[in-house]
>>> print(open('upload30.txt').read())   # compact mmCIF, C-alpha atoms
# COMPACT_ATOMS: atom_id res chain seq x y z
CA MET V 1 2.88 -3.10 -30.29
CA ILE V 2 5.89 -1.15 -29.06
CA ILE V 3 3.63 1.30 -27.25
CA SER V 4 1.97 -1.47 -25.22
CA ILE V 5 5.35 -2.89 -24.21
CA PHE V 6 6.56 0.55 -23.18
CA SER V 7 3.37 1.11 -21.21
CA CYS V 8 3.79 -2.20 -19.40
CA ASN V 9 7.41 -1.42 -18.54
CA ASN V 10 6.42 2.05 -17.37
CA GLU V 11 3.78 0.63 -14.99
CA PHE V 12 6.30 -1.91 -13.69
CA GLY V 13 8.85 0.84 -13.13
CA ASN V 14 6.32 2.94 -11.25
CA SER V 15 5.37 -0.03 -9.05
CA PHE V 16 9.01 -0.71 -8.24
CA LYS V 17 9.59 2.96 -7.40
CA ILE V 18 6.57 3.07 -5.10
CA MET V 19 7.53 -0.16 -3.30
CA ASN V 20 11.13 1.00 -2.86
CA ASP V 21 9.96 4.39 -1.62
CA LEU V 22 7.70 2.80 1.01
CA ARG V 23 10.52 0.52 2.22
CA LYS V 24 12.80 3.50 2.70
CA GLU V 25 10.25 5.93 4.15
CA PHE V 26 8.64 3.55 6.67
CA ASN V 27 11.42 0.97 7.21
CA PHE V 28 9.36 -2.00 6.03
CA ASN V 29 11.41 -5.12 5.41
CA SER V 30 9.31 -6.00 2.40
CA VAL V 31 6.66 -4.24 0.35
CA GLU V 32 4.60 -5.99 -2.29
CA MET V 33 2.16 -4.19 -4.52
CA SER V 34 -0.45 -5.09 -7.07
CA TRP V 35 -2.68 -2.66 -8.88
CA ASP V 36 -4.98 -2.19 -11.82
CA ASN V 37 -7.22 0.63 -13.07
CA VAL V 38 -9.55 0.40 -10.05
CA SER V 39 -7.56 -0.66 -7.00
CA ALA V 40 -4.17 -1.08 -5.40
CA GLU V 41 -3.14 -3.51 -2.69
CA PHE V 42 -0.01 -3.12 -0.60
CA THR V 43 1.40 -5.87 1.60
CA LEU V 44 3.64 -4.29 4.22
CA GLN V 45 5.79 -6.80 6.03
CA ASP V 46 7.98 -7.10 9.04
CA ILE V 47 7.12 -4.41 11.48
CA ASP V 48 6.80 -5.54 15.08
CA HIS V 49 3.05 -6.04 15.37
CA GLY V 50 3.30 -7.73 18.75
CA PHE V 51 3.17 -4.43 20.60
CA ILE V 52 0.97 -2.45 18.23
CA THR V 53 -2.76 -2.22 18.80
CA LYS V 54 -5.40 -2.36 16.10
CA ASP V 55 -6.02 1.37 16.55
CA SER V 56 -2.29 2.11 16.21
CA LEU V 57 -2.12 0.11 12.97
CA LYS V 58 -5.19 1.96 11.74
CA LEU V 59 -3.46 5.30 12.32
CA TYR V 60 -0.32 3.92 10.67
CA ALA V 61 -2.36 2.85 7.63
CA LEU V 62 -3.83 6.36 7.42
CA ILE V 63 -0.33 7.85 7.46
CA VAL V 64 0.90 5.45 4.77
CA ASP V 65 -2.18 6.10 2.63
CA LYS V 66 -1.78 9.86 2.93
CA TYR V 67 1.90 9.58 1.99
CA VAL V 68 1.25 7.35 -1.05
CA THR V 69 -1.69 9.34 -2.38
CA THR V 70 0.10 12.66 -1.96
CA LYS V 71 3.30 11.51 -3.64
CA TYR V 72 1.71 9.34 -6.36
CA PRO V 73 -1.38 10.91 -7.97
CA ARG V 74 -2.00 7.73 -10.00
CA ILE V 75 -2.65 5.83 -6.76
CA ASP V 76 -4.80 8.68 -5.46
CA SER V 77 -7.12 8.34 -8.46
CA LEU V 78 -7.95 4.68 -7.72
CA GLU V 79 -11.33 3.70 -6.25
CA VAL V 80 -9.91 1.33 -3.60
CA ARG V 81 -6.60 1.11 -1.72
CA LYS V 82 -5.83 -1.79 0.60
CA TYR V 83 -2.99 -2.05 3.10
CA LEU V 84 -2.26 -5.51 4.46
CA PHE V 85 0.11 -5.58 7.42
CA SER V 86 1.97 -8.84 7.95
CA GLY V 87 4.52 -10.05 10.47
CA GLY V 88 8.11 -11.09 10.00
CA GLY V 89 7.16 -14.63 9.08
CA GLY V 90 4.78 -13.38 6.40
CA PHE V 91 1.62 -14.13 8.40
CA GLU V 92 -1.18 -11.64 7.82
CA VAL V 93 -2.27 -9.53 10.75
CA ILE V 94 -4.80 -6.96 9.55
CA GLU V 95 -5.97 -5.28 6.36
CA PHE V 96 -7.39 -1.79 5.98
CA GLU V 97 -9.37 -0.73 2.92
CA PHE V 98 -9.77 2.91 1.96
CA ASN V 99 -12.02 4.41 -0.70
CA LYS V 100 -11.09 7.09 -3.23
CA ASN V 101 -11.75 9.83 -0.67
CA GLY V 102 -9.35 8.32 1.87
CA LYS V 103 -12.13 7.06 4.12
CA LEU V 104 -11.63 3.73 5.88
CA VAL V 105 -14.40 1.48 4.56
CA ASN V 106 -13.39 -2.00 5.71
CA THR V 107 -11.11 -3.75 8.18
CA LEU V 108 -10.27 -7.44 7.99
CA GLU V 109 -8.45 -9.16 10.85
CA TYR V 110 -6.66 -12.46 10.26
>>> encode(input="upload30.txt", output="structure tokens")
Amino acid sequence: MIISIFSCNNEFGNSFKIMNDLRKEFNFNSVEMSWDNVSAEFTLQDIDHGFITKDSLKLYALIVDKYVTTKYPRIDSLEVRKYLFSGGGGFEVIEFEFNKNGKLVNTLEY
């Protein structure tokens, strides 16, 4: 029983560290993260999307993905990684989905 509690706290601590790291590295106002044994989803909020094109956000998502997977091998081992960019008011703009090999496999515009 103690081991499962420790494991849960360890995963929570890792999530908090990753979210805090992304806020500092990329100046996001807010980063939310959820993950399991197969996938991770990041909601990255409050960058000025008004002047950023879809292609620019795609390149930005690639940079963020490369950073996260290089620094956190646990995230790199997941089958799917999603990055949802949202505006200052929390409204969703676009989501990019990458597979385990870092290849963009899906884009969803809101």
>>> closest_residue(input="upload30.txt", among="V:Arg23, V:Lys54, V:Arg81, V:Lys17", to="V:Thr69", atoms="all atoms listed in the file")
V:Arg81
>>> closest_residue(input="upload30.txt", among="V:Glu32, V:Glu25, V:Glu41, V:Asp65", to="V:Lys103", atoms="all atoms listed in the file")
V:Asp65
>>> atom_distance(input="upload30.txt", atom1="atom CA of V:Phe16", atom2="atom CA of V:Asp55")
29.1 Å
>>> residues_around(input="upload30.txt", residues="V:Asn20", least_positions_apart="2", cutoff="12 Å", atoms="all atoms listed in the file", output="list in words")
Gly13, Asn14, Ser15, Phe16, Lys17, Ile18, Leu22, Arg23, Lys24, Glu25, Phe26, Asn27, Phe28, Asn29, Ser30, Val31, Glu32, Met33, Leu44 and Val68 of chain V
>>> closest_residue(input="upload30.txt", among="V:Ile52, V:Leu84, V:Leu78, V:Leu108", to="V:Val64", atoms="all atoms listed in the file")
V:Leu84
>>> residues_around(input="upload30.txt", residues="V:Ser77", least_positions_apart="2", cutoff="12 Å", atoms="only C-alpha atoms", output="ChimeraX atom specification")
/V:35-40,68-75,79-81,99-102
>>> build_atoms(input="upload30.txt", residues="stretch 48-67 of chain V", atoms="N, CA, C and O atoms", output="tab-separated table (two decimals), in the coordinates of the input")
chain	number	residue	atom	x	y	z
V	48	ASP	N	7.10	-4.79	13.87
V	48	ASP	CA	6.80	-5.54	15.08
V	48	ASP	C	5.35	-5.30	15.50
V	48	ASP	O	5.03	-4.32	16.16
V	49	HIS	N	4.46	-6.20	15.08
V	49	HIS	CA	3.05	-6.04	15.37
V	49	HIS	C	2.68	-6.51	16.77
V	49	HIS	O	1.58	-6.26	17.23
V	50	GLY	N	3.60	-7.18	17.45
V	50	GLY	CA	3.30	-7.73	18.75
V	50	GLY	C	2.92	-6.68	19.79
V	50	GLY	O	2.18	-6.96	20.72
V	51	PHE	N	3.42	-5.48	19.62
V	51	PHE	CA	3.17	-4.43	20.60
V	51	PHE	C	2.36	-3.28	20.04
V	51	PHE	O	2.26	-2.23	20.63
V	52	ILE	N	1.76	-3.50	18.87
V	52	ILE	CA	0.97	-2.45	18.23
V	52	ILE	C	-0.50	-2.86	18.29
V	52	ILE	O	-0.86	-3.97	17.93
V	53	THR	N	-1.33	-1.94	18.72
V	53	THR	CA	-2.76	-2.22	18.80
V	53	THR	C	-3.41	-2.04	17.43
V	53	THR	O	-2.83	-1.45	16.52
V	54	LYS	N	-4.63	-2.52	17.33
V	54	LYS	CA	-5.40	-2.36	16.10
V	54	LYS	C	-5.56	-0.88	15.77
V	54	LYS	O	-5.43	-0.47	14.62
V	55	ASP	N	-5.84	-0.07	16.78
V	55	ASP	CA	-6.02	1.37	16.55
V	55	ASP	C	-4.72	2.03	16.10
V	55	ASP	O	-4.74	2.92	15.25
V	56	SER	N	-3.59	1.57	16.64
V	56	SER	CA	-2.29	2.11	16.21
V	56	SER	C	-2.01	1.76	14.75
V	56	SER	O	-1.51	2.59	13.99
V	57	LEU	N	-2.32	0.52	14.37
V	57	LEU	CA	-2.12	0.11	12.97
V	57	LEU	C	-3.06	0.88	12.05
V	57	LEU	O	-2.68	1.22	10.92
V	58	LYS	N	-4.25	1.17	12.52
V	58	LYS	CA	-5.19	1.96	11.74
V	58	LYS	C	-4.62	3.35	11.47
V	58	LYS	O	-4.64	3.83	10.33
V	59	LEU	N	-4.08	3.98	12.49
V	59	LEU	CA	-3.46	5.30	12.32
V	59	LEU	C	-2.25	5.21	11.39
V	59	LEU	O	-2.03	6.10	10.56
V	60	TYR	N	-1.48	4.14	11.53
V	60	TYR	CA	-0.32	3.92	10.67
V	60	TYR	C	-0.76	3.77	9.22
V	60	TYR	O	-0.14	4.34	8.31
V	61	ALA	N	-1.83	3.02	8.98
V	61	ALA	CA	-2.36	2.85	7.63
V	61	ALA	C	-2.81	4.19	7.05
V	61	ALA	O	-2.59	4.46	5.86
V	62	LEU	N	-3.42	5.02	7.86
V	62	LEU	CA	-3.83	6.36	7.42
V	62	LEU	C	-2.63	7.19	7.00
V	62	LEU	O	-2.67	7.89	5.99
V	63	ILE	N	-1.56	7.10	7.77
V	63	ILE	CA	-0.33	7.85	7.46
V	63	ILE	C	0.28	7.35	6.15
V	63	ILE	O	0.67	8.14	5.30
V	64	VAL	N	0.34	6.03	5.99
V	64	VAL	CA	0.90	5.45	4.77
V	64	VAL	C	0.03	5.83	3.57
V	64	VAL	O	0.55	6.23	2.52
V	65	ASP	N	-1.28	5.75	3.73
V	65	ASP	CA	-2.18	6.10	2.63
V	65	ASP	C	-2.02	7.57	2.24
V	65	ASP	O	-1.96	7.90	1.06
V	66	LYS	N	-1.95	8.43	3.21
V	66	LYS	CA	-1.78	9.86	2.93
V	66	LYS	C	-0.46	10.10	2.19
V	66	LYS	O	-0.41	10.87	1.23
V	67	TYR	N	0.59	9.44	2.63
V	67	TYR	CA	1.90	9.58	1.99
V	67	TYR	C	1.84	9.11	0.53
V	67	TYR	O	2.28	9.82	-0.38
